[in-house]
Amino acid sequence: EGKNPMEGFANRSKNEFLFVVDRSNAMNGSRIELAIKTIKRFIKLLPEESYFNILSMGETFNLFSEKSVKKSKSSMNDALTHLNEFTANQGEAHIEKVLEYIADAEPIKDHSRIAFILSAGKVNMPTSQVTQYIKNRFYKTRLFGIGIGDGSTTDFIKKASVEGYGSYEIIRNSVEIREKTSHLLHVSTAPYFTDFELKVENENLFSYIVPLPKTLGCIAPNELVEFFVIFNKKLQEAKSTFFTLRFYNGLNHRFEEYRERITIDHADPCEPVVK
């Protein structure tokens, strides 16, 4: 195996990893074998503080563990044994239960959630419905897609990954597993900013905020974020107010907040105030 490519990088963040395996008929043969090898490689590379779980989808939905487990020699061995039992003969890939689980499962405290979907790219829902669900529900989960085998349908893999603030790879053969799993782990565990809250001191002064902070998901370092706070006429009487922006900083693993004053004392009330 040589040097672990995550060495020196693992402590940048603590993560919970969810590996979703497509076990539909489309994955039969070499594809399911490739998917199993890929997940085994991922699990071996996970940082020591990681939690993980394995989900499988076909016409039924199954879990390796009811809740994600911490990486240990015992949990790794159990997971490898579990993967060895996988076959791909479960009809269509029904993805709705997988999406619901990822969105609703209780997260591990102080750990960011990262999901990998390994699939031939054929699921029972239109790609547009899948991406809309991800957009609406995956506030605290980053999603990465892995197309398995030559001829994988990349539309679903690519669009789901983009909507999930992740990236994607196509693994066509065993030779590509080492390089591409290492790359995806590096990308997926890069610190992000999450859990945004924007509060105005006097809520009677504003009408709405665009976008809603909770819908932002994961924001990369140096990525521009703009909030538009639409005030009502009461601000002309108050002249000023304060707003507080709070968020989780994945770089130093703590919540931070910034307080800023907005005033229109010397400004046209019809002109935007930029802060």
# chains A, B, ... in the order shown; residues from 1 in each chain; ligands from 1
>>> residues_around(residues="Lys44 of chain A", least_positions_apart="3", cutoff="12 Å", atoms="only C-alpha atoms", output="list in words")
Glu1, Lys3, Asn4, Pro5, Met6, Lys37, Thr38, Ile39, Lys40, Arg41, Pro47, Glu48, Ser50, Phe52, Lys71, Ser72, Lys73, Ser75, Met76, Asn77, Ala79, Leu80, Arg178, Thr181, Ser182 and Leu185 of chain A
>>> select_by_dssp(residues="segment 24-195 of chain A", states="alpha helix (DSSP H)", output="PyMOL selection string")
chain A and resi 30-45+73-84+96-104+127-137+154-163+177-188
>>> residues_around(residues="segment 187-199 of chain A", least_positions_apart="6", cutoff="8 Å", atoms="only C-alpha atoms", output="number ranges by chain")
A: 10, 12-13, 15, 114, 140, 142, 144, 166, 213-214, 216-221, 243-251
>>> closest_residue(among="A:Arg23, A:Lys135, A:Arg31, A:His82", to="Glu59 of chain A", atoms="only C-alpha atoms")
A:Arg23
>>> residues_around(residues="Val20 of chain A", least_positions_apart="2", cutoff="10 Å", atoms="only C-alpha atoms", output="NGL selection string")
:A and (17-18 or 22-23 or 35 or 39 or 53-57 or 62-63 or 95 or 98 or 102 or 115-119 or 145-146)
>>> write_last_selection(atoms="C-alpha atoms", output="PDB file, in the first residue's frame")
ATOM      1  CA  PHE A  17     -18.511   9.135   5.498  1.00  0.00           C
ATOM      2  CA  LEU A  18     -21.544   7.470   3.911  1.00  0.00           C
ATOM      3  CA  ASP A  22     -25.728   0.654  -6.355  1.00  0.00           C
ATOM      4  CA  ARG A  23     -26.674  -3.054  -6.311  1.00  0.00           C
ATOM      5  CA  ALA A  35     -17.398  -0.871  -6.556  1.00  0.00           C
ATOM      6  CA  ILE A  39     -15.069   1.168  -1.060  1.00  0.00           C
ATOM      7  CA  ASN A  53     -21.513   3.593   7.145  1.00  0.00           C
ATOM      8  CA  ILE A  54     -22.325   1.638   4.001  1.00  0.00           C
ATOM      9  CA  LEU A  55     -25.713   1.970   2.309  1.00  0.00           C
ATOM     10  CA  SER A  56     -26.862  -0.172  -0.592  1.00  0.00           C
ATOM     11  CA  MET A  57     -29.702   0.437  -2.988  1.00  0.00           C
ATOM     12  CA  ASN A  62     -29.935  -1.798   3.357  1.00  0.00           C
ATOM     13  CA  LEU A  63     -27.469  -0.476   5.934  1.00  0.00           C
ATOM     14  CA  ILE A  95     -32.614   6.049  -4.747  1.00  0.00           C
ATOM     15  CA  VAL A  98     -31.020   6.616   0.216  1.00  0.00           C
ATOM     16  CA  ILE A 102     -28.819  10.932   4.176  1.00  0.00           C
ATOM     17  CA  ALA A 115     -21.573  10.968   0.990  1.00  0.00           C
ATOM     18  CA  PHE A 116     -20.180   8.988  -1.932  1.00  0.00           C
ATOM     19  CA  ILE A 117     -22.548   7.358  -4.412  1.00  0.00           C
ATOM     20  CA  LEU A 118     -21.047   4.547  -6.505  1.00  0.00           C
ATOM     21  CA  SER A 119     -23.329   3.739  -9.386  1.00  0.00           C
ATOM     22  CA  GLY A 145     -20.436  10.745  -7.326  1.00  0.00           C
ATOM     23  CA  ILE A 146     -18.416   7.866  -8.707  1.00  0.00           C
TER      24      ILE A 146
END
>>> atom_distance(atom1="atom CA of Leu99 of chain A", atom2="atom CA of Ile134 of chain A")
7.7 Å
>>> residues_around(residues="Gln236 of chain A", least_positions_apart="2", cutoff="8 Å", atoms="only C-alpha atoms", output="PyMOL selection string")
chain A and resi 233-234+238-239+264+269
>>> closest_residue(among="A:Ile171, A:Leu235, A:Val162, A:Ile157", to="Asn204 of chain A", atoms="only C-alpha atoms")
A:Leu235
>>> residues_around(residues="Asp155 of chain A", least_positions_apart="4", cutoff="9 Å", atoms="only C-alpha atoms", output="PyMOL selection string")
chain A and resi 121+127+159-160
>>> select_by_dssp(residues="segment 36-187 of chain A", states="strand (DSSP E)", output="ChimeraX atom specification")
/A:51-57,61-63,69-70,112-119,141-148,168-171
>>> residues_around(residues="Asn232 of chain A", least_positions_apart="6", cutoff="10 Å", atoms="only C-alpha atoms", output="number ranges by chain")
A: 204-208
>>> write_last_selection(atoms="N, CA, C and O atoms", output="mmCIF file, in the first residue's frame")
data_model
loop_
_atom_site.group_PDB
_atom_site.id
_atom_site.type_symbol
_atom_site.label_atom_id
_atom_site.label_comp_id
_atom_site.auth_asym_id
_atom_site.auth_seq_id
_atom_site.Cartn_x
_atom_site.Cartn_y
_atom_site.Cartn_z
ATOM 1 N N ASN A 204 -38.309 43.805 13.208
ATOM 2 C CA ASN A 204 -39.415 44.579 12.637
ATOM 3 C C ASN A 204 -38.962 45.486 11.501
ATOM 4 O O ASN A 204 -39.790 46.059 10.788
ATOM 5 N N LEU A 205 -37.637 45.608 11.324
ATOM 6 C CA LEU A 205 -37.123 46.549 10.336
ATOM 7 C C LEU A 205 -36.928 45.951 8.949
ATOM 8 O O LEU A 205 -36.729 46.679 7.992
ATOM 9 N N PHE A 206 -36.954 44.632 8.821
ATOM 10 C CA PHE A 206 -36.694 44.045 7.509
ATOM 11 C C PHE A 206 -37.825 43.111 7.089
ATOM 12 O O PHE A 206 -38.587 42.594 7.909
ATOM 13 N N SER A 207 -37.906 42.917 5.779
ATOM 14 C CA SER A 207 -38.968 42.085 5.207
ATOM 15 C C SER A 207 -38.495 40.668 4.931
ATOM 16 O O SER A 207 -39.163 39.699 5.272
ATOM 17 N N TYR A 208 -37.312 40.519 4.314
ATOM 18 C CA TYR A 208 -36.797 39.186 4.043
ATOM 19 C C TYR A 208 -35.315 39.264 3.689
ATOM 20 O O TYR A 208 -34.754 40.342 3.439
#
>>> closest_residue(among="A:Val225, A:Met125, A:Val69, A:Ala103", to="Gly164 of chain A", atoms="only C-alpha atoms")
A:Ala103
>>> decode(residues="segment 116-132 of chain A", atoms="all heavy atoms", output="CSV table (one decimal), in the first residue's frame")
chain,number,residue,atom,x,y,z
A,116,PHE,N,-20.7,9.4,-0.6
A,116,PHE,CA,-20.2,9.0,-1.9
A,116,PHE,C,-21.2,8.0,-2.5
A,116,PHE,O,-21.6,7.1,-1.8
A,116,PHE,CB,-18.8,8.3,-1.8
A,116,PHE,CG,-17.7,9.1,-1.4
A,116,PHE,CD1,-17.3,9.3,-0.1
A,116,PHE,CD2,-17.0,9.8,-2.4
A,116,PHE,CE1,-16.3,10.1,0.3
A,116,PHE,CE2,-15.9,10.6,-2.0
A,116,PHE,CZ,-15.5,10.8,-0.7
A,117,ILE,N,-21.6,8.3,-3.7
A,117,ILE,CA,-22.5,7.4,-4.4
A,117,ILE,C,-21.8,6.7,-5.5
A,117,ILE,O,-21.3,7.3,-6.4
A,117,ILE,CB,-23.8,8.1,-5.0
A,117,ILE,CG1,-24.6,8.6,-3.8
A,117,ILE,CG2,-24.6,7.1,-5.8
A,117,ILE,CD1,-25.9,9.3,-4.3
A,118,LEU,N,-21.7,5.3,-5.5
A,118,LEU,CA,-21.0,4.5,-6.5
A,118,LEU,C,-22.1,3.9,-7.3
A,118,LEU,O,-22.9,3.0,-6.8
A,118,LEU,CB,-20.1,3.5,-5.9
A,118,LEU,CG,-18.9,4.1,-5.1
A,118,LEU,CD1,-19.2,4.5,-3.7
A,118,LEU,CD2,-17.8,3.0,-5.1
A,119,SER,N,-22.2,4.2,-8.6
A,119,SER,CA,-23.3,3.7,-9.4
A,119,SER,C,-23.0,3.7,-10.9
A,119,SER,O,-22.0,4.3,-11.3
A,119,SER,CB,-24.5,4.7,-9.2
A,119,SER,OG,-25.6,4.4,-10.1
A,120,ALA,N,-23.7,2.9,-11.6
A,120,ALA,CA,-23.6,2.8,-13.0
A,120,ALA,C,-24.4,4.0,-13.6
A,120,ALA,O,-24.3,4.3,-14.8
A,120,ALA,CB,-24.2,1.6,-13.6
A,121,GLY,N,-25.1,4.8,-12.8
A,121,GLY,CA,-25.7,6.0,-13.2
A,121,GLY,C,-27.2,5.9,-13.6
A,121,GLY,O,-27.8,6.9,-14.1
A,122,LYS,N,-27.8,4.7,-13.4
A,122,LYS,CA,-29.2,4.5,-13.8
A,122,LYS,C,-30.0,4.3,-12.5
A,122,LYS,O,-29.9,3.3,-11.8
A,122,LYS,CB,-29.3,3.3,-14.7
A,122,LYS,CG,-28.6,3.5,-16.0
A,122,LYS,CD,-28.7,2.2,-16.9
A,122,LYS,CE,-27.9,2.4,-18.2
A,122,LYS,NZ,-28.0,1.1,-19.0
A,123,VAL,N,-30.8,5.3,-12.2
A,123,VAL,CA,-31.7,5.2,-11.0
A,123,VAL,C,-33.1,5.4,-11.4
A,123,VAL,O,-33.4,5.8,-12.5
A,123,VAL,CB,-31.3,6.3,-9.9
A,123,VAL,CG1,-29.9,6.0,-9.4
A,123,VAL,CG2,-31.4,7.7,-10.5
A,124,ASN,N,-34.0,5.1,-10.4
A,124,ASN,CA,-35.5,5.1,-10.8
A,124,ASN,C,-36.1,6.5,-10.8
A,124,ASN,O,-37.3,6.6,-11.0
A,124,ASN,CB,-36.2,4.2,-9.8
A,124,ASN,CG,-36.3,4.7,-8.4
A,124,ASN,OD1,-35.3,5.3,-7.9
A,124,ASN,ND2,-37.4,4.6,-7.8
A,125,MET,N,-35.4,7.5,-10.5
A,125,MET,CA,-35.9,8.9,-10.5
A,125,MET,C,-35.2,9.7,-11.6
A,125,MET,O,-34.1,9.6,-11.8
A,125,MET,CB,-35.7,9.5,-9.1
A,125,MET,CG,-36.5,9.0,-8.0
A,125,MET,SD,-36.0,9.7,-6.4
A,125,MET,CE,-36.4,11.4,-6.7
A,126,PRO,N,-36.0,10.6,-12.2
A,126,PRO,CA,-35.3,11.6,-13.1
A,126,PRO,C,-34.2,12.4,-12.4
A,126,PRO,O,-34.4,12.7,-11.3
A,126,PRO,CB,-36.5,12.5,-13.6
A,126,PRO,CG,-37.7,11.7,-13.3
A,126,PRO,CD,-37.4,10.9,-12.1
A,127,THR,N,-33.2,12.6,-13.1
A,127,THR,CA,-32.1,13.4,-12.6
A,127,THR,C,-32.5,14.7,-12.0
A,127,THR,O,-32.0,15.1,-10.9
A,127,THR,CB,-31.0,13.6,-13.6
A,127,THR,OG1,-30.5,12.4,-14.1
A,127,THR,CG2,-29.8,14.4,-13.1
A,128,SER,N,-33.4,15.4,-12.7
A,128,SER,CA,-33.9,16.7,-12.2
A,128,SER,C,-34.6,16.6,-10.8
A,128,SER,O,-34.4,17.5,-10.0
A,128,SER,CB,-34.9,17.3,-13.2
A,128,SER,OG,-36.0,16.4,-13.4
A,129,GLN,N,-35.3,15.5,-10.5
A,129,GLN,CA,-35.9,15.3,-9.2
A,129,GLN,C,-34.9,15.0,-8.2
A,129,GLN,O,-35.0,15.5,-7.0
A,129,GLN,CB,-36.9,14.1,-9.3
A,129,GLN,CG,-38.2,14.5,-10.1
A,129,GLN,CD,-39.2,13.3,-10.0
A,129,GLN,OE1,-39.2,12.5,-9.0
A,129,GLN,NE2,-40.1,13.3,-10.9
A,130,VAL,N,-33.8,14.2,-8.5
A,130,VAL,CA,-32.8,13.9,-7.6
A,130,VAL,C,-32.0,15.2,-7.2
A,130,VAL,O,-31.8,15.5,-6.0
A,130,VAL,CB,-31.8,12.9,-8.2
A,130,VAL,CG1,-30.6,12.7,-7.2
A,130,VAL,CG2,-32.5,11.6,-8.5
A,131,THR,N,-31.7,16.0,-8.2
A,131,THR,CA,-30.9,17.2,-7.9
A,131,THR,C,-31.8,18.2,-7.1
A,131,THR,O,-31.2,18.9,-6.2
A,131,THR,CB,-30.4,17.9,-9.2
A,131,THR,OG1,-31.5,18.1,-10.1
A,131,THR,CG2,-29.4,17.0,-9.9
A,132,GLN,N,-33.1,18.3,-7.4
A,132,GLN,CA,-33.9,19.2,-6.6
A,132,GLN,C,-34.0,18.8,-5.2
A,132,GLN,O,-34.0,19.6,-4.2
A,132,GLN,CB,-35.3,19.2,-7.2
A,132,GLN,CG,-36.2,20.3,-6.7
A,132,GLN,CD,-35.7,21.7,-6.9
A,132,GLN,OE1,-35.3,22.0,-8.0
A,132,GLN,NE2,-35.8,22.5,-5.9
